[in-house]
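Dumped query_4.cif below, it's mmCIF, N, CA, C and O atoms:
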```
data_model
#
loop_
_atom_site.label_atom_id
_atom_site.label_comp_id
_atom_site.auth_asym_id
_atom_site.auth_seq_id
_atom_site.Cartn_x
_atom_site.Cartn_y
_atom_site.Cartn_z
N MET A 10 -10.29 18.12 12.63
CA MET A 10 -9.96 17.02 11.76
C MET A 10 -9.04 16.04 12.50
O MET A 10 -8.18 16.45 13.26
N PHE A 11 -9.24 14.76 12.27
CA PHE A 11 -8.46 13.72 12.95
C PHE A 11 -7.28 13.27 12.09
O PHE A 11 -7.14 12.10 11.78
N VAL A 12 -6.42 14.19 11.74
CA VAL A 12 -5.31 13.89 10.85
C VAL A 12 -4.34 12.87 11.46
O VAL A 12 -3.98 11.91 10.79
N PRO A 13 -3.89 13.01 12.71
CA PRO A 13 -2.97 12.00 13.26
C PRO A 13 -3.59 10.61 13.33
O PRO A 13 -2.92 9.62 13.06
N ALA A 14 -4.86 10.53 13.68
CA ALA A 14 -5.52 9.23 13.78
C ALA A 14 -5.65 8.59 12.39
O ALA A 14 -5.42 7.39 12.24
N LEU A 15 -5.99 9.38 11.39
CA LEU A 15 -6.11 8.84 10.04
C LEU A 15 -4.76 8.39 9.51
O LEU A 15 -4.65 7.33 8.88
N TYR A 16 -3.74 9.18 9.76
CA TYR A 16 -2.41 8.79 9.29
C TYR A 16 -1.91 7.55 10.03
O TYR A 16 -1.24 6.71 9.44
N GLY A 17 -2.25 7.42 11.30
CA GLY A 17 -1.90 6.21 12.05
C GLY A 17 -2.58 4.98 11.48
O GLY A 17 -1.98 3.91 11.39
N PHE A 18 -3.84 5.13 11.05
CA PHE A 18 -4.55 4.04 10.39
C PHE A 18 -3.85 3.65 9.09
O PHE A 18 -3.70 2.46 8.78
N ILE A 19 -3.38 4.63 8.33
CA ILE A 19 -2.69 4.37 7.07
C ILE A 19 -1.37 3.64 7.33
O ILE A 19 -1.04 2.67 6.64
N VAL A 20 -0.62 4.08 8.32
CA VAL A 20 0.66 3.44 8.64
C VAL A 20 0.44 2.00 9.12
O VAL A 20 1.17 1.08 8.71
N ALA A 21 -0.57 1.79 9.96
CA ALA A 21 -0.86 0.44 10.44
C ALA A 21 -1.30 -0.47 9.29
O ALA A 21 -0.88 -1.63 9.21
N GLY A 22 -2.11 0.04 8.38
CA GLY A 22 -2.54 -0.73 7.22
C GLY A 22 -1.38 -1.07 6.31
O GLY A 22 -1.30 -2.18 5.77
N ASN A 23 -0.47 -0.12 6.16
CA ASN A 23 0.72 -0.36 5.33
C ASN A 23 1.59 -1.46 5.95
O ASN A 23 2.11 -2.32 5.25
N PHE A 24 1.74 -1.43 7.27
CA PHE A 24 2.51 -2.47 7.96
C PHE A 24 1.87 -3.84 7.77
O PHE A 24 2.56 -4.83 7.49
N MET A 25 0.54 -3.92 7.91
CA MET A 25 -0.15 -5.19 7.73
C MET A 25 -0.01 -5.69 6.29
O MET A 25 0.14 -6.89 6.05
N ALA A 26 -0.02 -4.76 5.33
CA ALA A 26 0.16 -5.14 3.93
C ALA A 26 1.55 -5.74 3.70
O ALA A 26 1.69 -6.74 2.99
N PHE A 27 2.57 -5.15 4.33
CA PHE A 27 3.91 -5.68 4.17
C PHE A 27 4.06 -7.06 4.81
O PHE A 27 4.81 -7.90 4.30
N ILE A 28 3.34 -7.30 5.89
CA ILE A 28 3.34 -8.65 6.49
C ILE A 28 2.74 -9.64 5.51
O ILE A 28 3.26 -10.73 5.30
N GLY A 29 1.63 -9.27 4.86
CA GLY A 29 1.02 -10.14 3.86
C GLY A 29 1.91 -10.36 2.66
O GLY A 29 1.98 -11.47 2.11
N LEU A 30 2.63 -9.33 2.25
CA LEU A 30 3.54 -9.46 1.12
C LEU A 30 4.73 -10.35 1.49
O LEU A 30 5.23 -11.12 0.66
N TRP A 31 5.21 -10.23 2.72
CA TRP A 31 6.34 -11.04 3.17
C TRP A 31 5.99 -12.54 3.10
O TRP A 31 6.82 -13.36 2.75
N HIS A 32 4.73 -12.85 3.41
CA HIS A 32 4.28 -14.24 3.39
C HIS A 32 3.69 -14.63 2.04
O HIS A 32 3.10 -15.73 1.92
N MET A 33 3.83 -13.77 1.03
CA MET A 33 3.36 -14.03 -0.34
C MET A 33 1.87 -14.36 -0.39
O MET A 33 1.44 -15.35 -0.97
N LYS A 34 1.06 -13.52 0.23
CA LYS A 34 -0.38 -13.70 0.25
C LYS A 34 -1.04 -12.68 -0.67
O LYS A 34 -0.60 -11.52 -0.75
N GLN A 35 -2.11 -13.08 -1.33
CA GLN A 35 -2.80 -12.17 -2.22
C GLN A 35 -3.46 -11.02 -1.47
O GLN A 35 -3.55 -9.91 -1.99
N TRP A 36 -3.89 -11.26 -0.25
CA TRP A 36 -4.51 -10.19 0.52
C TRP A 36 -3.51 -9.08 0.83
O TRP A 36 -3.90 -7.93 1.02
N GLY A 37 -2.23 -9.40 0.86
CA GLY A 37 -1.20 -8.39 1.08
C GLY A 37 -1.14 -7.41 -0.08
O GLY A 37 -1.02 -6.21 0.12
N VAL A 38 -1.25 -7.94 -1.30
CA VAL A 38 -1.26 -7.07 -2.48
C VAL A 38 -2.52 -6.21 -2.49
O VAL A 38 -2.47 -5.01 -2.76
N GLN A 39 -3.66 -6.82 -2.21
CA GLN A 39 -4.91 -6.08 -2.20
C GLN A 39 -4.90 -4.97 -1.16
O GLN A 39 -5.32 -3.84 -1.43
N LEU A 40 -4.40 -5.28 0.03
CA LEU A 40 -4.33 -4.28 1.09
C LEU A 40 -3.33 -3.19 0.74
O LEU A 40 -3.58 -2.00 0.97
N TYR A 41 -2.19 -3.56 0.15
CA TYR A 41 -1.18 -2.56 -0.25
C TYR A 41 -1.75 -1.58 -1.26
O TYR A 41 -1.56 -0.37 -1.13
N LEU A 42 -2.46 -2.09 -2.27
CA LEU A 42 -3.04 -1.20 -3.28
C LEU A 42 -4.13 -0.31 -2.68
O LEU A 42 -4.22 0.87 -3.01
N SER A 43 -4.93 -0.87 -1.78
CA SER A 43 -5.97 -0.07 -1.12
C SER A 43 -5.36 1.05 -0.29
O SER A 43 -5.79 2.21 -0.37
N ILE A 44 -4.36 0.70 0.50
CA ILE A 44 -3.71 1.71 1.35
C ILE A 44 -2.98 2.74 0.50
O ILE A 44 -2.93 3.92 0.84
N PHE A 45 -2.41 2.31 -0.63
CA PHE A 45 -1.75 3.26 -1.54
C PHE A 45 -2.73 4.33 -2.01
O PHE A 45 -2.43 5.52 -1.98
N PHE A 46 -3.92 3.91 -2.45
CA PHE A 46 -4.90 4.88 -2.93
C PHE A 46 -5.44 5.74 -1.79
O PHE A 46 -5.65 6.95 -1.95
N ILE A 47 -5.63 5.15 -0.62
CA ILE A 47 -6.11 5.91 0.54
C ILE A 47 -5.05 6.95 0.95
O ILE A 47 -5.38 8.11 1.23
N LYS A 48 -3.78 6.54 0.97
CA LYS A 48 -2.72 7.46 1.36
C LYS A 48 -2.56 8.60 0.35
O LYS A 48 -2.38 9.75 0.74
N THR A 49 -2.64 8.27 -0.93
CA THR A 49 -2.54 9.30 -1.96
C THR A 49 -3.69 10.30 -1.85
O THR A 49 -3.47 11.52 -1.91
N LEU A 50 -4.89 9.81 -1.65
CA LEU A 50 -6.05 10.69 -1.47
C LEU A 50 -5.88 11.55 -0.22
O LEU A 50 -6.16 12.75 -0.23
N PHE A 51 -5.40 10.94 0.86
CA PHE A 51 -5.17 11.67 2.12
C PHE A 51 -4.16 12.80 1.92
O PHE A 51 -4.37 13.92 2.38
N LEU A 52 -3.06 12.52 1.23
CA LEU A 52 -2.04 13.54 1.02
C LEU A 52 -2.53 14.66 0.12
O LEU A 52 -2.17 15.83 0.31
N VAL A 53 -3.39 14.34 -0.84
CA VAL A 53 -3.97 15.38 -1.70
C VAL A 53 -4.92 16.26 -0.90
O VAL A 53 -4.91 17.49 -1.03
N VAL A 54 -5.72 15.65 -0.04
CA VAL A 54 -6.70 16.41 0.75
C VAL A 54 -6.01 17.36 1.72
O VAL A 54 -6.43 18.51 1.87
N ILE A 55 -4.92 16.91 2.37
CA ILE A 55 -4.26 17.80 3.32
C ILE A 55 -3.25 18.73 2.64
O ILE A 55 -2.69 19.61 3.29
N GLY A 56 -3.03 18.54 1.33
CA GLY A 56 -2.17 19.45 0.57
C GLY A 56 -0.68 19.23 0.80
O GLY A 56 0.11 20.17 0.76
N ASP A 57 -0.28 17.99 1.02
CA ASP A 57 1.13 17.67 1.26
C ASP A 57 1.72 16.99 0.03
O ASP A 57 2.02 15.80 0.04
N LEU A 58 1.87 17.74 -1.04
CA LEU A 58 2.41 17.17 -2.28
C LEU A 58 3.73 17.84 -2.62
O LEU A 58 3.81 18.70 -3.48
N GLY A 59 4.77 17.41 -1.95
CA GLY A 59 6.10 17.91 -2.23
C GLY A 59 6.84 16.95 -3.15
O GLY A 59 6.29 15.95 -3.60
N PRO A 60 8.11 17.25 -3.44
CA PRO A 60 8.87 16.36 -4.31
C PRO A 60 9.06 14.95 -3.73
O PRO A 60 9.05 13.97 -4.47
N GLY A 61 9.21 14.84 -2.43
CA GLY A 61 9.35 13.53 -1.80
C GLY A 61 8.08 12.70 -1.93
O GLY A 61 8.14 11.49 -2.11
N THR A 62 6.94 13.35 -1.85
CA THR A 62 5.66 12.66 -1.99
C THR A 62 5.49 12.14 -3.41
O THR A 62 5.04 11.01 -3.61
N ILE A 63 5.85 12.95 -4.38
CA ILE A 63 5.74 12.55 -5.77
C ILE A 63 6.66 11.35 -6.06
O ILE A 63 6.26 10.40 -6.74
N ILE A 64 7.88 11.38 -5.54
CA ILE A 64 8.81 10.26 -5.73
C ILE A 64 8.26 9.01 -5.05
O ILE A 64 8.35 7.90 -5.59
N GLY A 65 7.65 9.16 -3.87
CA GLY A 65 7.04 8.03 -3.18
C GLY A 65 5.89 7.43 -3.96
O GLY A 65 5.72 6.21 -4.00
N ILE A 66 5.07 8.27 -4.58
CA ILE A 66 3.95 7.79 -5.39
C ILE A 66 4.47 7.04 -6.62
O ILE A 66 3.97 5.97 -6.95
N ILE A 67 5.49 7.58 -7.27
CA ILE A 67 6.05 6.91 -8.45
C ILE A 67 6.66 5.56 -8.08
O ILE A 67 6.45 4.57 -8.78
N SER A 68 7.39 5.52 -6.98
CA SER A 68 7.99 4.24 -6.56
C SER A 68 6.91 3.24 -6.16
O SER A 68 7.06 2.04 -6.42
N ALA A 69 5.82 3.69 -5.56
CA ALA A 69 4.73 2.78 -5.19
C ALA A 69 4.03 2.24 -6.44
O ALA A 69 3.61 1.08 -6.46
N ILE A 70 3.92 3.05 -7.48
CA ILE A 70 3.32 2.58 -8.73
C ILE A 70 4.21 1.51 -9.37
O ILE A 70 3.72 0.47 -9.83
N ILE A 71 5.52 1.73 -9.37
CA ILE A 71 6.45 0.73 -9.92
C ILE A 71 6.37 -0.56 -9.12
O ILE A 71 6.32 -1.66 -9.68
N PHE A 72 6.35 -0.44 -7.79
CA PHE A 72 6.25 -1.60 -6.92
C PHE A 72 4.93 -2.33 -7.15
O PHE A 72 4.88 -3.57 -7.14
N SER A 73 3.85 -1.59 -7.38
CA SER A 73 2.54 -2.21 -7.63
C SER A 73 2.54 -3.01 -8.92
O SER A 73 1.94 -4.09 -8.99
N VAL A 74 3.20 -2.49 -9.96
CA VAL A 74 3.27 -3.23 -11.22
C VAL A 74 4.02 -4.56 -11.01
O VAL A 74 3.58 -5.61 -11.52
N ILE A 75 5.10 -4.52 -10.26
CA ILE A 75 5.85 -5.74 -9.96
C ILE A 75 4.98 -6.72 -9.16
O ILE A 75 4.97 -7.93 -9.45
N LEU A 76 4.26 -6.21 -8.18
CA LEU A 76 3.39 -7.08 -7.38
C LEU A 76 2.29 -7.71 -8.22
O LEU A 76 1.97 -8.89 -8.05
N LEU A 77 1.71 -6.94 -9.11
CA LEU A 77 0.61 -7.47 -9.92
C LEU A 77 1.10 -8.52 -10.92
O LEU A 77 0.33 -9.40 -11.32
N ARG A 78 2.37 -8.46 -11.32
CA ARG A 78 2.92 -9.50 -12.19
C ARG A 78 3.04 -10.83 -11.44
O ARG A 78 2.88 -11.89 -12.03
N HIS A 79 3.32 -10.78 -10.14
CA HIS A 79 3.49 -11.99 -9.34
C HIS A 79 2.21 -12.39 -8.58
O HIS A 79 2.23 -13.38 -7.84
N TYR A 80 1.16 -11.64 -8.76
CA TYR A 80 -0.09 -11.88 -8.03
C TYR A 80 -0.65 -13.28 -8.24
O TYR A 80 -1.06 -13.93 -7.26
N PRO A 81 -0.69 -13.82 -9.47
CA PRO A 81 -1.28 -15.16 -9.63
C PRO A 81 -0.48 -16.27 -8.93
O PRO A 81 -1.05 -17.31 -8.59
N LYS A 82 0.80 -16.06 -8.67
CA LYS A 82 1.62 -17.08 -8.03
C LYS A 82 1.46 -17.07 -6.51
O LYS A 82 1.92 -17.99 -5.83
N MET A 83 0.83 -16.05 -5.97
CA MET A 83 0.71 -15.92 -4.52
C MET A 83 -0.40 -16.79 -3.97
O MET A 83 -1.32 -17.18 -4.68
N ASP A 84 -0.32 -17.08 -2.67
CA ASP A 84 -1.27 -17.94 -2.00
C ASP A 84 -2.58 -17.20 -1.77
O ASP A 84 -2.60 -16.05 -1.35
N VAL A 85 -3.68 -17.90 -2.06
CA VAL A 85 -5.02 -17.31 -1.90
C VAL A 85 -5.47 -17.37 -0.45
O VAL A 85 -6.17 -16.48 0.04
N ASN A 86 -5.10 -18.41 0.26
CA ASN A 86 -5.56 -18.64 1.63
C ASN A 86 -4.91 -17.66 2.60
O ASN A 86 -3.85 -17.11 2.34
N LEU A 87 -5.57 -17.49 3.75
CA LEU A 87 -5.01 -16.65 4.79
C LEU A 87 -3.85 -17.37 5.42
O LEU A 87 -2.89 -16.90 5.82
#
```

Please lay out the structure from this file as structure tokens.
Amino acid sequence: MFVPALYGFIVAGNFMAFIGLWHMKQWGVQLYLSIFFIKTLFLVVIGDLGPGTIIGIISAIIFSVILLRHYPKMDVNL
């Protein structure tokens, strides 16, 4: 299994999403939500669901709700 390569892809995607969020772009929100679901699925598959992971998932859900409230105000263009 290519666990380090997959996790590296997730970390790189998360970094790109934060760059998009920093510049208030809608693609940043879309990428963040996609990577959130991919990361959650990845952690479930490898069986890494500790208390820190659960807290991270809850904080990401709260952050996603805040992002979705501001989504219409963000720039559509790249």

key: Top pick for closest residue to Phe18 of chain A, considering A:Leu87, A:Gln39, A:Ile63, A:Ile44 and counting all atoms listed in the file   = A:Ile44

All file atoms of segment 66-85 of chain A boxed axis-aligned, 4 Å per side, centre plus edges, as AutoDock Vina command-line options:
```
--center_x 0.9 --center_y -4.9 --center_z -6.1 --size_x 22.2 --size_y 34.3 --size_z 20.2
```

ask   = Of the candidates A:Ala21, A:Met33, A:Leu50, A:Leu58, which one gets nearest to Val85 of chain A if we count all atoms listed in the file?
value =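 For Val85 of chain A, the nearest of the given residues is A:Met33.
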
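Nearest-residue note for Gly17 of chain A: choosing from A:Trp31, A:Gly37, A:Ser68, A:Phe51, the minimum distance belongs to A:Phe51, counting only C-alpha atoms.
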
key: Between atom CA of Tyr41 of chain A and atom CA of Ala26 of chain A, distance in Å (one decimal)   =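 Here the two named atoms are 5.1 Å from each other.
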
task = Between atom O of Ile19 of chain A and atom O of Gly65 of chain A, measure the distance and give it in Å to one decimal.
result =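 We find that atom O of Ile19 of chain A and atom O of Gly65 of chain A lie 13.1 Å from each other.
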
request  = Have a look at A:Phe27, A:Ile66, A:Leu15, A:Lys34 and name the one nearest to Pro81 of chain A; count only C-alpha atoms.
outcome  =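 Using only C-alpha atoms, Pro81 of chain A sits closest to A:Lys34.
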
task = Check chain A with DSSP on the backbone and list each residue it calls helix (DSSP H, G or I), as a VMD selection string.
result = chain A and resid 12 to 31 35 to 55 60 to 82

request  = Could you check how far atom O of Met83 of chain A sits from atom C of Thr49 of chain A, in Å to one decimal?
outcome  =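 Spanning atom O of Met83 of chain A to atom C of Thr49 of chain A is a straight-line distance of 27.7 Å.
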
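Remark: for Asn23 of chain A, the closest of the candidate residues A:Tyr80, A:Phe72, A:Phe45, A:Phe11 is A:Phe45 (distances computed over all atoms listed in the file).
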
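Using only N, CA, C and O atoms, the shortest contact distance between Asp84 of chain A and any of A:Ser43, A:Val20, A:Gln35, A:Pro13 is found at A:Gln35.
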
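Near Leu77 of chain A, within 8 Å and counting all atoms listed in the file, sit Val38, Ile70 and Ile71 of chain A; same-chain residues fewer than 6 positions away were not included.
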